[in-house]
Structure formats: structure tokens, C-alpha cells
Amino acid sequence: MSIVTVQLGQCGNQIGHEVFNTICSDVRDTHGLCSKKENESYRDASKERFFCEEQSEVPVARAVLIDMEPKVISQTLSLAARSGYWKYDDGSHFSQKQGSGNNWANGYSVHGPRHKEVIMDLVQKEAEKCDRLAGFFTIMSMAGGTGSGLGAFVTQCLRDAFPTSFLLNHVIWPYSTGEVIVQNYNSVLTLSHLYKSADALLVHENDVVHKICAQLMNIKQISFKDINQVIAHQLGSVFQPTYTAEGGLHYSRNPLGDLMETLVPHPEFKMLGLRNIPQMPENSLAYSTFSWPGLIKHLRQMLIANAKMEEGIDWQVQPPRLGSSIPSSHSTNKPLHFNTSIANLVILRGKDMHSVDLGSFQDPSLYTSWLNPKDAFHSWKTLRAFNKYEKSASLVSNSQFLLKPLDNVVGKAWNMFASKAYIHQYTKFGIEEEDFLDSFTALEQVISSYSSL
Amino acid sequence: MAPRAHYPPPQPLPDPRLSPLQWASAGTRWAAASGTWRCGSTPTSTRSGGDGPDIYKGKICSLKARALLIDMEEGVVNEILQGPLRDVFDSKQLITDVSGSGNNWAVGHKLYGSQYRENIVEKLRKAAEHCECLQCFFIIHSMGGGTGSGLGTFVLKLLEDEFPEVYRFVTSVYPSGEDDVITSPYNSVLAMKELNEHADCVLPIENESLFDIVNKIHQMANSGKLGSTVKQNSLITSSAGSAKTAQEKPFDAMNNILANLLLNLTSSARFEGSLNMDLNEITMNLVPFPRLHYLVSSLTPLYTLADVNVPSRRLDQMFSDAFSRDHQLIQADPKHSLYLACALLVRGNVQVSDLRRNIERLKPSLHFVSWNQEGWKTGLCSVPPVGHSHSLLALANNTCVKPTFIELKDRFMKLYKKKVQLIIITSVATNHEYLALLKQILVSQRSCLKVTAQDFCLCYLKKSFQWLLLKKGNLLIDLYIPGYILIVFSSELVSDRSAYQLEMD
Ligand SMILES: Nc1nc2c(ncn2[C@@H]2O[C@H](COP(=O)(O)OP(=O)(O)O)[C@@H](O)[C@H]2O)c(=O)[nH]1
Ligand SMILES: [Mg+2]
């Protein structure tokens with residue numbers, strides 16, 4: 001099955017480009033340390049998912065590129081074409097002359113309705129190129145104007161036009177120290193709207209990835225390209241083909257469907273986070289060896305202590321002891337900083353993965369009490385190594401990991417809203433105080449749901 | 001010096017969308033100084049007849065500036081037309097008169113405003129027709145004189161009426177304390193009211209600050225200290241690869257700072273980068289409330305030392321300097337005042353980690369308003385200005401503009417209290433009426449006069465030989481002519497009470 005990627009705004013387009021780059025080079029430049037046959041079926045499954053190859057020497061990404069200004073898209077298109085290994089479809093992009101100006105309302109209420117037809121035509125065309133469509137992967141930032149505002153609008157349109165397809169939105173969380181002044185407003189509006197129309201939101205925080213670049217990748221002067229490469233690597237490690245069932249014979253057909261089924265058991269909880277291990281500069285890889293038990297142990301502690309990378313994990317945090325306490329006082333008993341999960345998915349790539357013991361992730365004390373731990377944990381595996389890493393493990397988790405950042409964003413937005421600052425910029429394009437209040441309410445609900453796990 | 005090679009636009013750039021308008025002396029002198037587009041670094045602010053042949057060996061052949069040059073006298077504009085930039089302007093872009101505005105805001109605003117309205121609108125429309133996507137008007141003027149201040153703000157309002165969708169950015173040169181124009185406080189206050197109401201964004205500039213910066217650079221360039229020489233074409237006061245005029249005029253260096261301000265302001269809309277910043281993002285991020293749209297700007301570095309490559313300390317210095325008092329383009333100290341919002345527009349080899357590091361480093365020494373503690377907006381444009389490896393334009397919505405405005409108001413009040421001969425008459429619809437009325441007033445100087453306009457009454461203050469025009473309890477001072485001062489303001493800047501007091505005594 002195939003995924004259509006929708007790249008929106010500067011951030012969405014820059015990240016989307018890296019994602020296709022990573023996927024393409026994983027398939028092209030590495031042989032995955034597995035049998036030739038294994039590698040071939042992996043490659044075919046990956047190609048079907050992300051590229052189409054009709055009448056073209058190089059694979060063509062299944063993507064639609066959208067921005068309200070021309071520079072990023074024209075740069076993205078030419079960068080891809082220059083790689084010589086893959087490209088974007090010549091007709092699968094849409095841009096305008098002037099960006100949305102960091103104004104969510106401009107993207108959502110002006111550009112959205114104005115360009116709905118063209119955009120949906122492009123999407124439809126791309127969808128029709130897929131023999132079997134799994135769903136849409138929409139990449140966007142939530143701080144700007146195009147990705148956030150137009151992104152929310154387009155997601156709604158996708159929901160209407162493809163009621164049975166899966167919609168996964170990849171959302172970039174802005175640096176908390178500020179880079180767009182109205183980022184908290186835009187974020188609140190984006191999240192509350194996506195929560196209504198998307199099946200799940202996969203979140204990357206720029207602060208976190210920045211830290212990974214500095215501490216794990218040892219990059220001195222970090223650019224957005226560096227950041228995007230880490231993000232793309234993490235996404236690739238989830239969406240490249242795997243076997244979803246124990247002893248499965250075929251690579252999973254429906255990566256988005258499988259993901260939702262595993263991780264989103266209830267529509268009130270749809271915030272997904274992604275961690276991986278190991279993550280290091282390419283030139284250190286040759287000198288490092290990893291054992292599966294070591295990787296799994298770290299990954300599990302990263303989950304329960306809510307660490308975003310393997311460095312600086314707090315090993316003190318342990319799951320609460322179950323059984324001894326009365327269920328109703330469960331949450332008060334909870335150790336500080338413990339990150340409760342709803343559902344987790346571990347993805348293992350590389351040799352000997354069959355022997356890996358994942359029992360520590362099946363521990364009921366990691367999970368909320370209302371879900372059977374059996375249903376709360378899944379693993380996907382393949383012998384095929386990913387992107388030059390002999391062994392790698394990724395964890396997609398639906399947990400409380402985003403509670404604090406979300407609470408911060410809503411709090412800061414509310415603080416600004418109380419002084420009425422910048423509101424006039426939104427009402428100018430038809431987003432009223434009422435709309436803000438609705439969004440605040442919706443997110444407060446999400447916060448309280450996740451808090452009470 | 002050989003003309004700098006220009007940056008070839010990596011791909012066809014979006015069609016021109018910025019439209020500088022220039023008023024009167026301060027504005028037109030700026031035009032003469034802004035030859036920087038010679039080096040091709042402002043492809044979008046010029047209108048081109050075709051693609052290839054416009055810039056040949058760094059020289060402009062068929063490019064025309066998308067600009068309107070307006071002055072109510074001819075001297076400055078003529079100079080430009082005979083100067084090195086004569087090829088980028090043609091007579092269709094000029095509006096001039098011979099008699100000047102006599103440093104009188106009212107003459108510029110009311111008299112010339114109504115007289116030239118049609119002409120201006122027509123030329124604006126013509127210029128706008130050539131734009132595929134018109135984003136913004138730049139108005140460059142001074143506040144203290146008559147034409148830039150009066151007619152300039154008239155056109156500001158005109159733009160709002162004719163092109164309500166297009167942003168209006170105004171670069172306003174504020175008079176310094178030692179200004180040689182006696183009426184400059186009146187003119188400036190009158191113009192301020194228009195800026196408050198009709199501009200999207202104002203970048204105030206003070207000549208004193210420009211002058212200090214020029215001196216500082218001059219000293220550095222000639223001291224030869226630190227064993228390092230300053231790269232000549234990197235001076236913020238030089239017009240980089242532009243045509244060199246034979247003899248530099250005193251304003252040229254100062255005006256080039258202004259030119260660089262506008263180049264940096266628009267660079268992210270013109271060149272690619274990893275974090276683009278269109279012009280509409282400036283107002284969106286920096287104007288929390290409609291009228292609080294005065295942005296204090298600073299440009300760094302002022303020059304690049306020729307023999308030093310760029311260690312990150314030098315980069316960090318650039319960020320520190322942007323917040324120091326002596327790099328601001330008005331006499332102000334943002335560090336000791338309150339920030340409502342702050343934007344950093346970076347060009348060149350600077351990455352997001354450099355931005356984060358510096359923001360974190362500087363933040364503790366800056367005060368931000370409580371509801372905007374993380375009030376930063378950042379932009380990264382990959383193409384540096386000619387002669388530099390990197391540069392920074394900081395725009396601050398900061399309460400440090402207050403002293404400049406308060407001083408202006410004080411000087412206004414001082415002048416006002418001196419009772420400089422003051423005649424106040426009704427606002428007049430036409431030139432004809434205006435003259436007739438003036439005659440009437442002059443004839444009947446000492447008698448009380450009732451004006452026909454229904455809502456208005458004109459009162460004569462015997463003691464001070466003043467005429468006051470009263471409208472529904474508000475003091476409205478409208479027009480003045482040389483020798484007599486006549487002021488318009490609605491009660492905002494001088495309260496009703498003081499107006500009445502004036503009437504009483
Ligand atoms: N990780 C990452 N974040 C980006 C990138 N480009 C922009 N951003 C983030 O996106 C936000 C700005 O939104 P942007 O995508 O530029 O706005 P839009 O073009 O209007 O959608 C900020 O939070 C930026 O940090 C990128 O290439 N990578
Ligand atoms: Mg953008």
C-alpha cells in the first residue's frame with residue numbers, strides 16, 4: 001500500500017525532502033546486512049510505499065508540495081532533481097507569491113478556501129496514482145502560518161474527501177524560547193483543529209532534536225538541515241517496511257492503519273512521540289557495537305523517565321508498584337516524573353532481532369489501567385538493517401510525554417490572550433475571540449485527559 | 001574599485017513586489033544613495049524589461065527603479081537625474097513643483113495634497129500595474145519639513161484608500177534637537193498623527209544617530225588599530241558595489257545606512273534561506289496592538305575587518321552590538337526599556353544554533369513584557385550583504401521610543417506656549433477656498449470672525465492674536481501659512497483642557 005505525503009509550508013517542505021532523501025538512500029546505498037531476497041522484498045515494499053516509477057528513470061516521490069511563497073518549493077524541487085536518485089513529480093506542487101505571514105487565520109480562512117480546489121485536485125491526482133492508498137502523511141510546523149493554518153484546513157478537506165483513509169499529521173513543535181512571536185496562538189489553533197480531523201499527531205519538538213544534534217551527533221553549528229536529517233532518520237525508522245506479525249511472511253501492507261490500530265485505541269488520545277536508539281554520527285558507527293538487551297533497556301528507561309535521548313536518562317524513575325494500592329488512589333501514588341503510557345510500539349531493525357526479549361515493555365505498570373496490557377504493546381521487526389545502523393530500535397508511544405510542553409504552550413497563549421495582544425491580526429481574517437476560546441477549551445480537555453492517566 | 005560581482009539569482013525570483021516611495025529632500029537624497037542595487041542584490045526592487053540583459057557587467061541597462069520621487073521643489077530630484085543613477089529613474093516617476101512647502105506641514109498636506117492627488121494616484125497605479133503581487137509600499141520621508149512630512153503623510157492616507165490590502169512601511173527621519181527648521185516640532189507632531197493612524201509599521205530614524213555611526217566608522221577606518229584593516233566595501237555607510245559618485249555628499253554616508261536597513265529588511269523575501277521571513281511577518285510578529293507599530297532598528301556589524309575570518313565570538317559580538325545603545329538608529333537604549341517584541345533578521349552563514357545560543361545569552365539582560373516573555377521572531381536568509389559574511393538587522397518594539405516622542409511633544413509645547421503667531425482656520429476643501437479664507441482672515445485680523453462651515457466656529461483670542469477653530473469641543477488647529485502658524489490636531493497629543501486653557505487666557 002502507498003502513502004501520499006503532503007508537505008506544507010517551509011518546514012513541511014524542508015522536512016519532507018529529507019524524509020524522501022533518507023528513505024531513498026536507505027534503499028539505494030545500503031544492503032541492510034541481510035539476505036539478497038530479504039533486501040529485495042524490503043526495497044520493493046519501500047518503493048511501493050513512497051515512490052512511483054512509471055515512465056521515469058528515477059523514482060518519483062508520492063508527494064504533494066504546498067506553500068504560499070515560491071522560494072522553498074522551487075529550492076526543494078531542484079535539490080531533489082539534482083540528487084539524480086529520485087525526484088518530485090513536475091506537476092505535483094502549488095505555490096503562491098506571498099506567504100501566510102505567520103498568521104494562522106490567513107492560512108486557514110483565506111488561503112485555504114481560496115486554493116482548496118487546486119490543492120485537492122493535486123492530492124486527488126496523487127492518490128489515484130496509488131494502486132492501494134493507505135492514507136496521508138501530512139508534514140507541517142504549527143508555529144508558522146501556512147503549515148499550521150492551511151495545514152489544518154487541508155487536513156479537514158482530506159477528512160471529508162477521503163473518509164476511510166488514515167490521516168497522520170507530523171507536527172513540528174517550535175523552540176520553546178520563541179522564534180515566531182505568535183507561535184503559541186498558532187499552535188493552539190492548529191492542535192485543536194487537527195485533533196478534530198486527524199487520526200493521530202506525530203510530534204517532534206525542535207528543542208529536543210536540537211539537543212540530539214548537539215549531544216549525540218556532535219554537531220557544532222546546527223542547521224535546520226541537520227535537525228531535519230535526524231527527524232527524517234527517525235521517521236524512516238518507523239515507516240520503512242517491517243513485519244508486523246510474529247513470523248509474518250510479507251512486509252506489512254498498511255503502515256498507517258497498523259500504526260493507528262496499535263497506538264490510538266481511543267480518539268481522545270492521539271498524540272504520538274518518537275524516540276530511537278542508537279543515534280550517532282556516521283563516522284562513529286564503525287567503531288560501535290550494540291547489544292539488543294542494552295538497547296532495549298535504555299529505550300525502556302527513556303520511555304518511563306520521559307527522556308528524549310539516551311544521554312542524561314534519569315535511572316531513578318521506576319514504574320509504580322501495582323496491586324498493593326487501591327486502584328482509586330493509583331494516580332496519587334505515582335512516582336514523580338513517571339511517564340504513563342496508553343500504548344507503545346517498538347520497532348526493531350537488524351540482525352538477531354528475533355531473539356530480543358521485549359517483556360519489559362509488557363509490564364502492566366507502564367500502562368493506564370483501562371487497557372489490557374496485551375493490547376497496549378506491539379512490536380514490528382525486520383532483519384533488514386536500517387540506514388547504516390547494524391541494529392536499531394525505535395519507539396512510538398502514546399503517553400504523557402507531551403503533557404508539559406502542551407501545558408506550556410496553552411499557558412503562554414492564554415497569558416497573551418488575556419492581554420488581547422495580537423488578536424486584531426486574527427480577527428482581520430475572520431478568526432474571532434470565540435474561536436480562540438473554543439480551541440483553549442478543546443486543548444484543556446486533552447491536557448486533563450492525559451493528566452488523569 | 002571594480003564593481004562587485006552580483007549574486008546571480010539562483011532561480012527566477014518572484015516578480016517585483018516592493019514599491020519604495022520617496023518624499024522630499026530626505027527621501028530623495030536617500031534615493032540617490034541607494035545605488036546598492038547596482039550590485040544586483042536587490043533584483044526585486046527594480047522593474048525589468050526583460051531577463052538577461054538588464055544587468056551587464058554589474059551595470060544596469062534597462063532596469064527601472066520601482067519608485068516614485070516626489071518633491072515640491074526641483075533641486076534634489078534634478079541632482080539625482082544628473083547623477084550616476086539617472087538611468088534607473090525616468091521622468092514618468094517624478095512629481096515636482098517649483099515653490100516648495102516652506103517647511104509647512106499644512107502646505108504639503110492640504111495644499112499640494114489636493115493639488116497633486118490625481119497625478120500621484122495615477123502614477124501609483126501605473127507602478128502597481130507592473131507588479132504581479134504587490135506586497136508593500138515603502139515611504140521614505142522626514143518628519144520635520146513640509147513636503148515629506150505633509151505631502152508624505154497625505155500619500156500615506158492615499159495609499160490606504162487606494163490599496164488597502166498592501167502594507168505601508170514608513171521610514172521616518174525624526175528631527176534632532178538642533179534642527180534648523182523652526183516649525184519642525186509642529187510638522188512632526190502633525191505627521192505623527194497620520195503615522196499613528198495610517199501606517200502599518202514605522203521605522204523611526206534620527207539623524208543624530210546616523211551621524212554618530214558614521215563618525216564611529218570613520219574613526220575605525222582611519223585608526224588602523226588592532227592591526228586590522230576594515231574592508232572598504234563592507235562599511236555599512238558605503239554603497240557597496242554601487243556607482244561611486246565623484247564627490248561624496250555629506251548625507252550620502254548617512255543615507256547608505258538607511259539603504260542598508262531597507263535591503264536587509266527585504267532580503268529574506270528576495271533570497272532563499274532556511275527560515276524565510278516575508279514582510280507580512282514583520283507586522284504580524286511585532287505589532288501586538290494596531291497603533292504600537294514603531295520599531296527601533298539596529299544594524300550590525302557596521303563593518304567587517306578584512307583580515308579576520310569569522311570565529312563565533314565575532315558572530316556573538318554582532319548579536320551583542322545589536323542591543324547596544326550606540327548601534328540603534330534612534331537615540332534610545334532598548335536594553336534598559338521594556339520589549340514588547342523583538343525580531344532578528346540574520347543573513348549569511350548563520351545557523352539556527354547560533355540564533356538559539358545568542359538569544360539564550362542575551363535574554364537575561366533584556367526585559368520583556370509579561371505576556372510576551374518569549375517575544376522573539378527570527379529569520380535566516382542564506383545570502384549575506386555584499387562585503388560581509390553575515391549581518392543582522394534587529395527590530396525592536398520597545399518602549400525606548402518614548403523619550404524621542406516625549407521630547408518632540410515638549411518641543412511642540414514650548415513652541416506652542418511661546419504663542420508663535422497662531423492663526424487657526426477651518427480645514428478647506430479646495431485651494432481656491434483656502435486662499436479666499438486666508439485673505440479674509442488677514443484682512444480682518446483683529447476682528448472676531450465666524451466661519452460659515454456649520455460645525456466649526458472660529459474664535460479670536462485678543463490677547464495673543466490667536467484664532468482658534470473649535471469643533472464640538474475639540475480644538476482643531478488646521479492650517480498655517482508662513483509667518484503664521486496654524487496647527488491641526490485632534491485632541492490626542494495636547495489635551496482638550498490645555499486647549500481651553502489657551503482659550504481662557
Ligand atoms: N525542524 C524544522 N523546523 C522548521 C524548519 N523550517 C521551519 N521550521 C519551524 O517552523 C516554524 C515556522 O514555520 P514555517 O514552516 O516557516 O511557516 P510556514 O511556511 O508558514 O508554514 C518554526 O517553529 C520553525 O522552527 C525546518 O526545516 N525544520
Ligand atoms: Mg514561512
# chains A, B, ... in the order shown; residues from 1 in each chain; ligands from 1
>>> residues_around(residues="Ile423 in chain A", least_positions_apart="2", cutoff="9 Å", atoms="only C-alpha atoms", output="PyMOL selection string")
(chain A and resi 417+420-421+425-428+431-433) or (chain B and resi 288-289)
>>> interface_residues(of="chain B", to="chain A", cutoff="6 Å", atoms="only C-alpha atoms", output="list in words")
Asn280, Glu281, Asn285, Pro288, Gln351, Val352, Ser353, Trp371, Glu374, Gly375, Trp376, Lys377 and Thr378 of chain B
>>> closest_residue(among="A:Phe51, A:Trp315, A:Trp86, A:Trp173", to="ligand 1", atoms="only C-alpha atoms and all ligand atoms")
A:Trp173
>>> closest_atom_pairs(of="chain B", to="ligand 2", cutoff="12 Å", atoms="only C-alpha atoms and all ligand atoms", output="CSV")
residue,atom,partner,partner_atom_place_in_ligand_line,distance
B:Ser268,CA,ligand 2,1 (Mg),10.1
B:Ala269,CA,ligand 2,1 (Mg),10.0
B:Glu272,CA,ligand 2,1 (Mg),10.9
B:Gly273,CA,ligand 2,1 (Mg),10.0
B:Ser274,CA,ligand 2,1 (Mg),9.2
B:Leu275,CA,ligand 2,1 (Mg),6.6
B:Asn276,CA,ligand 2,1 (Mg),5.3
B:Met277,CA,ligand 2,1 (Mg),6.2
B:Asp278,CA,ligand 2,1 (Mg),7.4
B:Leu279,CA,ligand 2,1 (Mg),10.8
B:Asn280,CA,ligand 2,1 (Mg),10.5
B:Glu281,CA,ligand 2,1 (Mg),8.7
B:Ile282,CA,ligand 2,1 (Mg),11.9
B:Lys377,CA,ligand 2,1 (Mg),11.8
B:Thr378,CA,ligand 2,1 (Mg),10.9
B:Gly379,CA,ligand 2,1 (Mg),9.2
B:Leu380,CA,ligand 2,1 (Mg),10.7
B:Cys381,CA,ligand 2,1 (Mg),11.7
>>> write_last_selection(atoms="N, CA, C and O atoms", output="mmCIF file, in the first residue's frame")
data_model
loop_
_atom_site.group_PDB
_atom_site.id
_atom_site.type_symbol
_atom_site.label_atom_id
_atom_site.label_comp_id
_atom_site.auth_asym_id
_atom_site.auth_seq_id
_atom_site.Cartn_x
_atom_site.Cartn_y
_atom_site.Cartn_z
ATOM 1 N N SER B 268 15.071 38.632 3.077
ATOM 2 C CA SER B 268 14.506 37.297 3.219
ATOM 3 C C SER B 268 13.344 37.069 2.260
ATOM 4 O O SER B 268 13.025 35.934 1.919
ATOM 5 N N ALA B 269 12.729 38.148 1.817
ATOM 6 C CA ALA B 269 11.671 37.985 0.827
ATOM 7 C C ALA B 269 12.277 37.811 -0.566
ATOM 8 O O ALA B 269 11.617 37.352 -1.486
ATOM 9 N N GLU B 272 16.740 33.053 -0.876
ATOM 10 C CA GLU B 272 16.305 31.887 -0.123
ATOM 11 C C GLU B 272 17.053 31.789 1.203
ATOM 12 O O GLU B 272 18.071 32.435 1.431
ATOM 13 N N GLY B 273 16.518 30.964 2.068
ATOM 14 C CA GLY B 273 17.109 30.787 3.381
ATOM 15 C C GLY B 273 16.399 29.650 4.077
ATOM 16 O O GLY B 273 15.369 29.179 3.596
ATOM 17 N N SER B 274 16.946 29.231 5.226
ATOM 18 C CA SER B 274 16.327 28.080 5.870
ATOM 19 C C SER B 274 15.173 28.487 6.781
ATOM 20 O O SER B 274 14.455 27.648 7.313
ATOM 21 N N LEU B 275 15.017 29.792 7.002
ATOM 22 C CA LEU B 275 13.859 30.269 7.762
ATOM 23 C C LEU B 275 13.466 31.621 7.178
ATOM 24 O O LEU B 275 13.968 32.653 7.574
ATOM 25 N N ASN B 276 12.596 31.572 6.199
ATOM 26 C CA ASN B 276 12.254 32.790 5.473
ATOM 27 C C ASN B 276 11.401 33.720 6.307
ATOM 28 O O ASN B 276 10.696 33.302 7.215
ATOM 29 N N MET B 277 11.480 34.988 5.968
ATOM 30 C CA MET B 277 10.668 35.963 6.690
ATOM 31 C C MET B 277 10.141 36.983 5.696
ATOM 32 O O MET B 277 10.851 37.877 5.287
ATOM 33 N N ASP B 278 8.903 36.809 5.317
ATOM 34 C CA ASP B 278 8.261 37.763 4.424
ATOM 35 C C ASP B 278 7.943 39.050 5.166
ATOM 36 O O ASP B 278 7.924 39.076 6.386
ATOM 37 N N LEU B 279 7.651 40.106 4.397
ATOM 38 C CA LEU B 279 7.369 41.385 5.044
ATOM 39 C C LEU B 279 6.131 41.324 5.934
ATOM 40 O O LEU B 279 6.083 41.967 6.981
ATOM 41 N N ASN B 280 5.150 40.527 5.515
ATOM 42 C CA ASN B 280 3.929 40.485 6.330
ATOM 43 C C ASN B 280 4.183 39.841 7.702
ATOM 44 O O ASN B 280 3.410 40.021 8.628
ATOM 45 N N GLU B 281 5.286 39.119 7.826
ATOM 46 C CA GLU B 281 5.597 38.541 9.130
ATOM 47 C C GLU B 281 6.092 39.602 10.117
ATOM 48 O O GLU B 281 6.022 39.418 11.327
ATOM 49 N N ILE B 282 6.601 40.696 9.569
ATOM 50 C CA ILE B 282 7.117 41.738 10.454
ATOM 51 C C ILE B 282 5.979 42.362 11.255
ATOM 52 O O ILE B 282 6.031 42.441 12.482
ATOM 53 N N LYS B 377 11.231 36.841 17.234
ATOM 54 C CA LYS B 377 10.935 36.382 15.879
ATOM 55 C C LYS B 377 12.280 36.291 15.156
ATOM 56 O O LYS B 377 13.097 37.208 15.233
ATOM 57 N N THR B 378 12.511 35.185 14.502
ATOM 58 C CA THR B 378 13.808 35.029 13.848
ATOM 59 C C THR B 378 13.657 34.685 12.377
ATOM 60 O O THR B 378 12.697 34.043 11.963
ATOM 61 N N GLY B 379 14.618 35.144 11.595
ATOM 62 C CA GLY B 379 14.651 34.827 10.171
ATOM 63 C C GLY B 379 16.080 34.513 9.759
ATOM 64 O O GLY B 379 17.024 35.136 10.259
ATOM 65 N N LEU B 380 16.240 33.521 8.893
ATOM 66 C CA LEU B 380 17.573 33.162 8.419
ATOM 67 C C LEU B 380 17.591 33.216 6.889
ATOM 68 O O LEU B 380 16.924 32.435 6.226
ATOM 69 N N CYS B 381 18.377 34.150 6.373
ATOM 70 C CA CYS B 381 18.499 34.284 4.926
ATOM 71 C C CYS B 381 19.922 33.893 4.567
ATOM 72 O O CYS B 381 20.876 34.355 5.185
#
>>> closest_residue(among="A:Lys37, A:His170, A:Arg62, A:His204", to="ligand 1", atoms="only C-alpha atoms and all ligand atoms")
A:His204
>>> residues_around(residues="range 391-394 of chain A", least_positions_apart="4", cutoff="6 Å", atoms="only C-alpha atoms", output="mmCIF file with N, CA, C and O atoms, in the first residue's frame")
data_model
loop_
_atom_site.group_PDB
_atom_site.id
_atom_site.type_symbol
_atom_site.label_atom_id
_atom_site.label_comp_id
_atom_site.auth_asym_id
_atom_site.auth_seq_id
_atom_site.Cartn_x
_atom_site.Cartn_y
_atom_site.Cartn_z
ATOM 1 N N ARG A 275 10.992 8.031 19.692
ATOM 2 C CA ARG A 275 12.373 8.016 20.177
ATOM 3 C C ARG A 275 13.099 6.894 19.484
ATOM 4 O O ARG A 275 12.490 5.922 19.067
ATOM 5 N N ASN A 276 14.414 7.017 19.415
ATOM 6 C CA ASN A 276 15.161 5.923 18.797
ATOM 7 C C ASN A 276 16.513 5.763 19.463
ATOM 8 O O ASN A 276 16.997 6.646 20.176
ATOM 9 N N ILE A 277 17.092 4.629 19.213
ATOM 10 C CA ILE A 277 18.396 4.331 19.756
ATOM 11 C C ILE A 277 19.035 3.270 18.863
ATOM 12 O O ILE A 277 18.321 2.382 18.403
ATOM 13 N N VAL A 346 7.243 -0.826 19.563
ATOM 14 C CA VAL A 346 8.697 -0.866 19.403
ATOM 15 C C VAL A 346 9.025 -1.476 18.051
ATOM 16 O O VAL A 346 8.423 -2.476 17.646
ATOM 17 N N ILE A 347 9.946 -0.841 17.351
ATOM 18 C CA ILE A 347 10.333 -1.316 16.030
ATOM 19 C C ILE A 347 11.809 -1.686 16.056
ATOM 20 O O ILE A 347 12.654 -0.850 16.402
ATOM 21 N N LEU A 348 12.104 -2.930 15.730
ATOM 22 C CA LEU A 348 13.493 -3.396 15.762
ATOM 23 C C LEU A 348 13.958 -3.705 14.350
ATOM 24 O O LEU A 348 13.250 -4.356 13.580
ATOM 25 N N ARG A 349 15.143 -3.231 14.032
ATOM 26 C CA ARG A 349 15.699 -3.493 12.709
ATOM 27 C C ARG A 349 17.136 -3.977 12.862
ATOM 28 O O ARG A 349 17.952 -3.299 13.484
ATOM 29 N N GLY A 350 17.442 -5.096 12.236
ATOM 30 C CA GLY A 350 18.811 -5.586 12.266
ATOM 31 C C GLY A 350 18.881 -7.039 12.667
ATOM 32 O O GLY A 350 17.863 -7.660 13.016
#
>>> select_by_dssp(residues="range 218-442 of chain A", states="helix (DSSP H, G or I)", output="VMD selection string")
chain A and resid 224 to 239 255 to 263 282 to 285 292 to 304 327 to 333 353 to 355 359 to 361 364 to 366 373 to 376 400 to 418 423 to 427 433 to 442
>>> residues_around(residues="Ser288 in chain A", least_positions_apart="4", cutoff="10 Å", atoms="only C-alpha atoms", output="count of residues only")
6
>>> residues_around(residues="range 265-268 of chain A", least_positions_apart="5", cutoff="12 Å", atoms="only C-alpha atoms", output="JSON, numbers by chain")
{"A": [192, 194, 195, 196, 197, 198, 199, 200, 201, 258, 259, 260, 341, 342, 343, 344, 368, 370, 371, 372, 375, 376, 377, 398, 442, 443, 444, 445, 446, 447, 448, 449, 450, 453]}
>>> write_last_selection(atoms="C-alpha atoms", output="CSV table (one decimal), in the first residue's frame")
chain,number,residue,atom,x,y,z
A,192,SER,CA,-7.2,21.9,18.4
A,194,LEU,CA,-6.0,18.7,14.0
A,195,TYR,CA,-7.4,16.9,17.0
A,196,LYS,CA,-10.8,17.0,15.3
A,197,SER,CA,-9.8,15.8,11.8
A,198,ALA,CA,-6.6,13.8,12.0
A,199,ASP,CA,-6.3,10.2,13.2
A,200,ALA,CA,-3.1,10.9,15.1
A,201,LEU,CA,-0.5,13.6,15.5
A,258,ASP,CA,-1.4,-0.6,11.6
A,259,LEU,CA,0.1,2.3,13.5
A,260,MET,CA,-3.3,3.8,14.4
A,341,SER,CA,1.6,5.2,28.6
A,342,ILE,CA,-1.6,4.3,26.8
A,343,ALA,CA,0.1,2.3,24.1
A,344,ASN,CA,3.6,1.6,22.8
A,368,THR,CA,-3.1,3.0,32.2
A,370,TRP,CA,-8.2,0.7,31.5
A,371,LEU,CA,-6.4,-1.0,28.7
A,372,ASN,CA,-5.4,-4.6,28.6
A,375,ASP,CA,-3.4,-4.6,23.5
A,376,ALA,CA,-1.2,-1.8,24.7
A,377,PHE,CA,2.1,-3.1,23.4
A,398,ASN,CA,1.2,7.4,23.0
A,442,ALA,CA,-10.5,21.7,23.5
A,443,LEU,CA,-6.9,21.6,24.5
A,444,GLU,CA,-7.6,21.9,28.2
A,445,GLN,CA,-9.7,18.8,27.7
A,446,VAL,CA,-6.8,16.9,26.1
A,447,ILE,CA,-4.5,18.0,28.9
A,448,SER,CA,-6.8,16.9,31.6
A,449,SER,CA,-7.4,13.5,29.8
A,450,TYR,CA,-3.7,12.8,29.6
A,453,LEU,CA,-3.9,8.6,33.2
